[in-house]
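Chemist: The structure file protein_20.csv (CSV, N, CA and C atoms) is provided below.
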```csv
chain,number,residue,atom,x,y,z
W,510,MET,N,-41.8,53.1,-164.3
W,510,MET,CA,-40.5,52.5,-164.3
W,510,MET,C,-39.6,53.1,-163.3
W,511,SER,N,-38.8,52.4,-162.6
W,511,SER,CA,-38.0,52.9,-161.6
W,511,SER,C,-36.5,52.6,-161.8
W,512,ASP,N,-36.1,52.2,-163.0
W,512,ASP,CA,-34.7,51.9,-163.2
W,512,ASP,C,-34.4,52.1,-164.7
W,513,THR,N,-33.2,51.8,-165.1
W,513,THR,CA,-32.8,51.8,-166.5
W,513,THR,C,-33.1,50.5,-167.2
W,514,PRO,N,-33.9,50.3,-168.2
W,514,PRO,CA,-34.2,49.0,-168.8
W,514,PRO,C,-32.9,48.4,-169.3
W,515,THR,N,-32.9,47.0,-169.2
W,515,THR,CA,-31.8,46.2,-169.7
W,515,THR,C,-32.2,45.5,-170.9
W,516,ARG,N,-31.3,45.5,-172.0
W,516,ARG,CA,-31.6,44.8,-173.2
W,516,ARG,C,-31.4,43.3,-173.0
W,517,LEU,N,-32.3,42.5,-173.4
W,517,LEU,CA,-32.2,41.0,-173.4
W,517,LEU,C,-31.8,40.6,-174.7
W,518,ARG,N,-30.7,39.9,-174.8
W,518,ARG,CA,-30.1,39.4,-176.0
W,518,ARG,C,-29.8,37.9,-175.9
W,519,ASP,N,-29.6,37.2,-177.0
W,519,ASP,CA,-29.2,35.8,-177.0
W,519,ASP,C,-27.8,35.8,-176.4
W,520,SER,N,-27.6,34.7,-175.6
W,520,SER,CA,-26.2,34.6,-175.0
W,520,SER,C,-25.4,33.8,-176.0
W,521,LEU,N,-24.1,33.8,-175.8
W,521,LEU,CA,-23.2,33.1,-176.7
W,521,LEU,C,-23.4,31.6,-176.5
W,522,TRP,N,-24.0,31.2,-175.4
W,522,TRP,CA,-24.2,29.7,-175.2
W,522,TRP,C,-25.4,29.2,-175.8
W,523,THR,N,-26.4,30.1,-176.0
W,523,THR,CA,-27.7,29.6,-176.6
W,523,THR,C,-28.0,30.1,-178.0
W,524,ALA,N,-27.3,31.1,-178.5
W,524,ALA,CA,-27.5,31.6,-179.8
W,524,ALA,C,-26.9,30.7,-180.9
W,525,PRO,N,-27.6,30.3,-181.9
W,525,PRO,CA,-27.0,29.6,-183.0
W,525,PRO,C,-26.0,30.4,-183.7
W,526,LEU,N,-24.9,29.7,-184.1
W,526,LEU,CA,-23.8,30.4,-184.8
W,526,LEU,C,-24.2,31.0,-186.1
W,527,GLU,N,-25.1,30.4,-186.9
W,527,GLU,CA,-25.4,30.8,-188.2
W,527,GLU,C,-26.4,32.0,-188.2
W,528,GLU,N,-27.1,32.2,-187.1
W,528,GLU,CA,-28.1,33.2,-187.1
W,528,GLU,C,-27.9,34.1,-185.9
W,529,HIS,N,-27.9,35.4,-186.1
W,529,HIS,CA,-27.7,36.4,-184.9
W,529,HIS,C,-29.0,37.2,-184.9
W,530,ARG,N,-29.8,37.0,-183.9
W,530,ARG,CA,-31.1,37.8,-183.8
W,530,ARG,C,-30.9,39.0,-183.0
W,531,GLY,N,-29.8,39.1,-182.2
W,531,GLY,CA,-29.6,40.3,-181.4
W,531,GLY,C,-30.6,40.6,-180.3
W,532,LEU,N,-31.1,41.8,-180.2
W,532,LEU,CA,-32.1,42.2,-179.2
W,532,LEU,C,-33.4,41.5,-179.4
W,533,TYR,N,-33.9,40.9,-178.3
W,533,TYR,CA,-35.2,40.3,-178.4
W,533,TYR,C,-36.2,40.6,-177.3
W,534,GLY,N,-35.7,41.5,-176.4
W,534,GLY,CA,-36.6,41.9,-175.4
W,534,GLY,C,-36.0,42.9,-174.4
W,535,TRP,N,-36.7,43.3,-173.4
W,535,TRP,CA,-36.2,44.2,-172.4
W,535,TRP,C,-36.6,43.7,-171.0
W,536,ARG,N,-35.8,44.0,-170.0
W,536,ARG,CA,-36.1,43.8,-168.6
W,536,ARG,C,-36.1,45.1,-167.9
W,537,PHE,N,-37.2,45.4,-167.2
W,537,PHE,CA,-37.2,46.6,-166.4
W,537,PHE,C,-37.9,46.4,-165.1
W,538,GLN,N,-37.8,47.4,-164.3
W,538,GLN,CA,-38.3,47.4,-162.9
W,538,GLN,C,-39.4,48.5,-162.8
W,539,ALA,N,-40.5,48.2,-162.2
W,539,ALA,CA,-41.5,49.2,-161.9
W,539,ALA,C,-41.8,49.2,-160.4
W,540,THR,N,-42.0,50.4,-159.8
W,540,THR,CA,-42.2,50.5,-158.3
W,540,THR,C,-43.5,51.2,-158.1
W,541,ASP,N,-44.4,50.7,-157.3
W,541,ASP,CA,-45.7,51.4,-157.0
W,541,ASP,C,-45.5,52.4,-155.9
W,542,GLU,N,-46.6,53.1,-155.6
W,542,GLU,CA,-46.5,54.2,-154.6
W,542,GLU,C,-46.2,53.8,-153.2
W,543,ASP,N,-46.5,52.5,-153.0
W,543,ASP,CA,-46.1,51.9,-151.6
W,543,ASP,C,-44.7,51.4,-151.5
W,544,GLY,N,-44.0,51.5,-152.6
W,544,GLY,CA,-42.6,51.1,-152.6
W,544,GLY,C,-42.3,49.6,-153.1
W,545,LYS,N,-43.4,48.9,-153.5
W,545,LYS,CA,-43.2,47.5,-153.9
W,545,LYS,C,-42.7,47.5,-155.4
W,546,SER,N,-41.6,46.8,-155.6
W,546,SER,CA,-41.0,46.7,-157.0
W,546,SER,C,-41.3,45.4,-157.6
W,547,LEU,N,-41.5,45.4,-158.9
W,547,LEU,CA,-41.6,44.2,-159.7
W,547,LEU,C,-40.6,44.3,-160.9
W,548,VAL,N,-40.1,43.2,-161.3
W,548,VAL,CA,-39.2,43.2,-162.5
W,548,VAL,C,-40.0,42.5,-163.6
W,549,PHE,N,-39.9,43.0,-164.8
W,549,PHE,CA,-40.7,42.4,-166.0
W,549,PHE,C,-39.7,42.1,-167.1
W,550,ASP,N,-39.9,40.9,-167.7
W,550,ASP,CA,-39.2,40.6,-169.0
W,550,ASP,C,-40.3,40.8,-170.1
W,551,VAL,N,-40.0,41.7,-171.1
W,551,VAL,CA,-41.0,42.0,-172.1
W,551,VAL,C,-40.4,41.6,-173.4
W,552,PHE,N,-41.1,40.9,-174.3
W,552,PHE,CA,-40.7,40.4,-175.6
W,552,PHE,C,-41.6,40.9,-176.7
W,553,LYS,N,-41.1,41.1,-177.8
W,553,LYS,CA,-41.9,41.5,-179.0
W,553,LYS,C,-42.3,40.3,-179.8
W,554,GLY,N,-43.6,40.1,-180.0
W,554,GLY,CA,-44.1,39.0,-180.8
W,554,GLY,C,-44.6,39.6,-182.1
W,555,ALA,N,-45.2,38.8,-182.9
W,555,ALA,CA,-45.8,39.2,-184.2
W,555,ALA,C,-46.9,40.2,-184.1
W,556,ASP,N,-47.6,40.1,-182.9
W,556,ASP,CA,-48.8,40.9,-182.7
W,556,ASP,C,-48.6,42.0,-181.6
W,557,GLY,N,-47.3,42.3,-181.3
W,557,GLY,CA,-47.0,43.4,-180.3
W,557,GLY,C,-46.1,42.9,-179.2
W,558,TRP,N,-46.0,43.7,-178.2
W,558,TRP,CA,-45.1,43.4,-177.0
W,558,TRP,C,-45.9,42.7,-176.0
W,559,HIS,N,-45.2,41.7,-175.3
W,559,HIS,CA,-45.9,40.9,-174.3
W,559,HIS,C,-45.0,40.7,-173.0
W,560,VAL,N,-45.6,40.7,-171.9
W,560,VAL,CA,-44.8,40.4,-170.6
W,560,VAL,C,-44.7,38.9,-170.6
W,561,HIS,N,-43.4,38.4,-170.7
W,561,HIS,CA,-43.1,37.0,-170.7
W,561,HIS,C,-43.0,36.5,-169.3
W,562,ARG,N,-42.4,37.3,-168.4
W,562,ARG,CA,-42.2,36.8,-167.0
W,562,ARG,C,-42.1,38.1,-166.1
W,563,SER,N,-42.6,37.9,-164.9
W,563,SER,CA,-42.4,39.0,-163.9
W,563,SER,C,-41.9,38.4,-162.6
W,564,TYR,N,-41.1,39.2,-161.9
W,564,TYR,CA,-40.5,38.8,-160.6
W,564,TYR,C,-40.8,39.8,-159.5
W,565,ASP,N,-41.0,39.3,-158.3
W,565,ASP,CA,-41.2,40.2,-157.2
W,565,ASP,C,-40.2,40.1,-156.2
```
Just give me the structure of the file as structure tokens.
Modeler:
Amino acid sequence: MSDTPTRLRDSLWTAPLEEHRGLYGWRFQATDEDGKSLVFDVFKGADGWHVHRSYD
């Protein structure tokens, strides 16, 4: 990991008013030895944590 993870939360525009789930994942960046960085969105499911999306 090469940065400070960012909490992913429901936005005011997409979260239902009657239910507040709060934190549902993390976004973080990792950099390899050659300097290439990737950003990952990681979400917790019923059976553990999963990479939902990655960006280069």
Chemist: Under the rule that all atoms listed in the file are counted, which of W:Arg562, W:Asp543, W:Gln538, W:Tyr533 is the nearest residue to Asp512 (chain W)?
Modeler: W:Gln538
Chemist: Take CA of Trp558 (chain W) and CA of Thr513 (chain W) and report the distance between them in Å, one decimal.
Modeler: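 CA of Thr513 (chain W) lies 18.2 Å from CA of Trp558 (chain W).
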Chemist: Mind pulling up the distance from CA of Lys553 (chain W) to atom C of Phe537 (chain W)?
Modeler: 15.3 Å
Chemist: Find the smallest box with edges along x, y and z containing every listed atom of region 535-552 of chain W, then add 4 Å on each side and report centre and edge lengths in Å to one decimal, as AutoDock Vina command-line options.
Modeler:
```
--center_x -41.2 --center_y 47.3 --center_z -164.1 --size_x 18.8 --size_y 21.8 --size_z 33.2
```
Chemist: Between atom N of Ser546 (chain W) and CA of Asp565 (chain W), what distance in Å does the model show, to one decimal?
Modeler: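 Atom-to-atom, atom N of Ser546 (chain W) and CA of Asp565 (chain W) are spaced 6.8 Å apart.
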Chemist: Determine the nearest neighbour of Gly534 (chain W) from the options W:Gly554, W:Leu517, W:Phe549, W:Val560, counting only C-alpha atoms.
Modeler: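 Among the listed residues, the smallest separation from Gly534 (chain W) belongs to W:Leu517.
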Chemist: Fix up region 540-551 of chain W with all heavy atoms, then write it as a PDB file, keeping the file's coordinate frame.
Modeler:
```pdb
ATOM      1  N   THR W 540     -42.000  50.400-159.800  1.00  0.00           N
ATOM      2  CA  THR W 540     -42.200  50.500-158.300  1.00  0.00           C
ATOM      3  C   THR W 540     -43.500  51.200-158.100  1.00  0.00           C
ATOM      4  O   THR W 540     -43.703  52.318-158.716  1.00  0.00           O
ATOM      5  CB  THR W 540     -41.058  51.197-157.643  1.00  0.00           C
ATOM      6  OG1 THR W 540     -39.842  50.514-157.942  1.00  0.00           O
ATOM      7  CG2 THR W 540     -41.256  51.243-156.141  1.00  0.00           C
ATOM      8  N   ASP W 541     -44.400  50.700-157.300  1.00  0.00           N
ATOM      9  CA  ASP W 541     -45.700  51.400-157.000  1.00  0.00           C
ATOM     10  C   ASP W 541     -45.500  52.400-155.900  1.00  0.00           C
ATOM     11  O   ASP W 541     -44.423  52.604-155.370  1.00  0.00           O
ATOM     12  CB  ASP W 541     -46.804  50.415-156.754  1.00  0.00           C
ATOM     13  CG  ASP W 541     -46.677  49.684-155.430  1.00  0.00           C
ATOM     14  OD1 ASP W 541     -45.850  50.069-154.579  1.00  0.00           O
ATOM     15  OD2 ASP W 541     -47.423  48.697-155.238  1.00  0.00           O
ATOM     16  N   GLU W 542     -46.600  53.100-155.600  1.00  0.00           N
ATOM     17  CA  GLU W 542     -46.500  54.200-154.600  1.00  0.00           C
ATOM     18  C   GLU W 542     -46.200  53.800-153.200  1.00  0.00           C
ATOM     19  O   GLU W 542     -45.705  54.523-152.430  1.00  0.00           O
ATOM     20  CB  GLU W 542     -47.884  54.969-154.636  1.00  0.00           C
ATOM     21  CG  GLU W 542     -48.162  55.703-155.926  1.00  0.00           C
ATOM     22  CD  GLU W 542     -49.548  56.318-155.950  1.00  0.00           C
ATOM     23  OE1 GLU W 542     -50.351  56.077-155.020  1.00  0.00           O
ATOM     24  OE2 GLU W 542     -49.831  57.048-156.916  1.00  0.00           O
ATOM     25  N   ASP W 543     -46.500  52.500-153.000  1.00  0.00           N
ATOM     26  CA  ASP W 543     -46.100  51.900-151.600  1.00  0.00           C
ATOM     27  C   ASP W 543     -44.700  51.400-151.500  1.00  0.00           C
ATOM     28  O   ASP W 543     -44.282  50.911-150.503  1.00  0.00           O
ATOM     29  CB  ASP W 543     -47.101  50.768-151.306  1.00  0.00           C
ATOM     30  CG  ASP W 543     -48.529  51.252-151.142  1.00  0.00           C
ATOM     31  OD1 ASP W 543     -48.724  52.397-150.668  1.00  0.00           O
ATOM     32  OD2 ASP W 543     -49.449  50.493-151.485  1.00  0.00           O
ATOM     33  N   GLY W 544     -44.000  51.500-152.600  1.00  0.00           N
ATOM     34  CA  GLY W 544     -42.600  51.100-152.600  1.00  0.00           C
ATOM     35  C   GLY W 544     -42.300  49.600-153.100  1.00  0.00           C
ATOM     36  O   GLY W 544     -41.206  49.137-153.055  1.00  0.00           O
ATOM     37  N   LYS W 545     -43.400  48.900-153.500  1.00  0.00           N
ATOM     38  CA  LYS W 545     -43.200  47.500-153.900  1.00  0.00           C
ATOM     39  C   LYS W 545     -42.700  47.500-155.400  1.00  0.00           C
ATOM     40  O   LYS W 545     -43.293  48.201-156.222  1.00  0.00           O
ATOM     41  CB  LYS W 545     -44.527  46.736-153.846  1.00  0.00           C
ATOM     42  CG  LYS W 545     -44.356  45.314-154.339  1.00  0.00           C
ATOM     43  CD  LYS W 545     -45.585  44.481-154.169  1.00  0.00           C
ATOM     44  CE  LYS W 545     -45.280  43.115-154.774  1.00  0.00           C
ATOM     45  NZ  LYS W 545     -46.034  42.071-154.199  1.00  0.00           N
ATOM     46  N   SER W 546     -41.600  46.800-155.600  1.00  0.00           N
ATOM     47  CA  SER W 546     -41.000  46.700-157.000  1.00  0.00           C
ATOM     48  C   SER W 546     -41.300  45.400-157.600  1.00  0.00           C
ATOM     49  O   SER W 546     -41.224  44.355-156.919  1.00  0.00           O
ATOM     50  CB  SER W 546     -39.537  47.025-156.885  1.00  0.00           C
ATOM     51  OG  SER W 546     -39.305  48.333-156.431  1.00  0.00           O
ATOM     52  N   LEU W 547     -41.500  45.400-158.900  1.00  0.00           N
ATOM     53  CA  LEU W 547     -41.600  44.200-159.700  1.00  0.00           C
ATOM     54  C   LEU W 547     -40.600  44.300-160.900  1.00  0.00           C
ATOM     55  O   LEU W 547     -40.385  45.428-161.376  1.00  0.00           O
ATOM     56  CB  LEU W 547     -42.967  43.939-160.227  1.00  0.00           C
ATOM     57  CG  LEU W 547     -44.046  43.665-159.192  1.00  0.00           C
ATOM     58  CD1 LEU W 547     -45.411  43.657-159.854  1.00  0.00           C
ATOM     59  CD2 LEU W 547     -43.805  42.328-158.509  1.00  0.00           C
ATOM     60  N   VAL W 548     -40.100  43.200-161.300  1.00  0.00           N
ATOM     61  CA  VAL W 548     -39.200  43.200-162.500  1.00  0.00           C
ATOM     62  C   VAL W 548     -40.000  42.500-163.600  1.00  0.00           C
ATOM     63  O   VAL W 548     -40.567  41.411-163.368  1.00  0.00           O
ATOM     64  CB  VAL W 548     -37.859  42.503-162.216  1.00  0.00           C
ATOM     65  CG1 VAL W 548     -37.008  42.385-163.472  1.00  0.00           C
ATOM     66  CG2 VAL W 548     -37.107  43.275-161.136  1.00  0.00           C
ATOM     67  N   PHE W 549     -39.900  43.000-164.800  1.00  0.00           N
ATOM     68  CA  PHE W 549     -40.700  42.400-166.000  1.00  0.00           C
ATOM     69  C   PHE W 549     -39.700  42.100-167.100  1.00  0.00           C
ATOM     70  O   PHE W 549     -38.819  42.922-167.419  1.00  0.00           O
ATOM     71  CB  PHE W 549     -41.684  43.442-166.497  1.00  0.00           C
ATOM     72  CG  PHE W 549     -42.722  43.825-165.498  1.00  0.00           C
ATOM     73  CD1 PHE W 549     -42.538  44.917-164.671  1.00  0.00           C
ATOM     74  CD2 PHE W 549     -43.896  43.097-165.389  1.00  0.00           C
ATOM     75  CE1 PHE W 549     -43.501  45.294-163.758  1.00  0.00           C
ATOM     76  CE2 PHE W 549     -44.857  43.461-164.478  1.00  0.00           C
ATOM     77  CZ  PHE W 549     -44.666  44.554-163.653  1.00  0.00           C
ATOM     78  N   ASP W 550     -39.900  40.900-167.700  1.00  0.00           N
ATOM     79  CA  ASP W 550     -39.200  40.600-169.000  1.00  0.00           C
ATOM     80  C   ASP W 550     -40.300  40.800-170.100  1.00  0.00           C
ATOM     81  O   ASP W 550     -41.315  40.117-170.051  1.00  0.00           O
ATOM     82  CB  ASP W 550     -38.682  39.188-169.009  1.00  0.00           C
ATOM     83  CG  ASP W 550     -37.483  39.002-168.099  1.00  0.00           C
ATOM     84  OD1 ASP W 550     -36.926  40.005-167.623  1.00  0.00           O
ATOM     85  OD2 ASP W 550     -37.106  37.845-167.874  1.00  0.00           O
ATOM     86  N   VAL W 551     -40.000  41.700-171.100  1.00  0.00           N
ATOM     87  CA  VAL W 551     -41.000  42.000-172.100  1.00  0.00           C
ATOM     88  C   VAL W 551     -40.400  41.600-173.400  1.00  0.00           C
ATOM     89  O   VAL W 551     -39.216  41.964-173.729  1.00  0.00           O
ATOM     90  CB  VAL W 551     -41.326  43.487-172.054  1.00  0.00           C
ATOM     91  CG1 VAL W 551     -42.342  43.839-173.116  1.00  0.00           C
ATOM     92  CG2 VAL W 551     -41.857  43.861-170.682  1.00  0.00           C
TER      93      VAL W 551
END
```
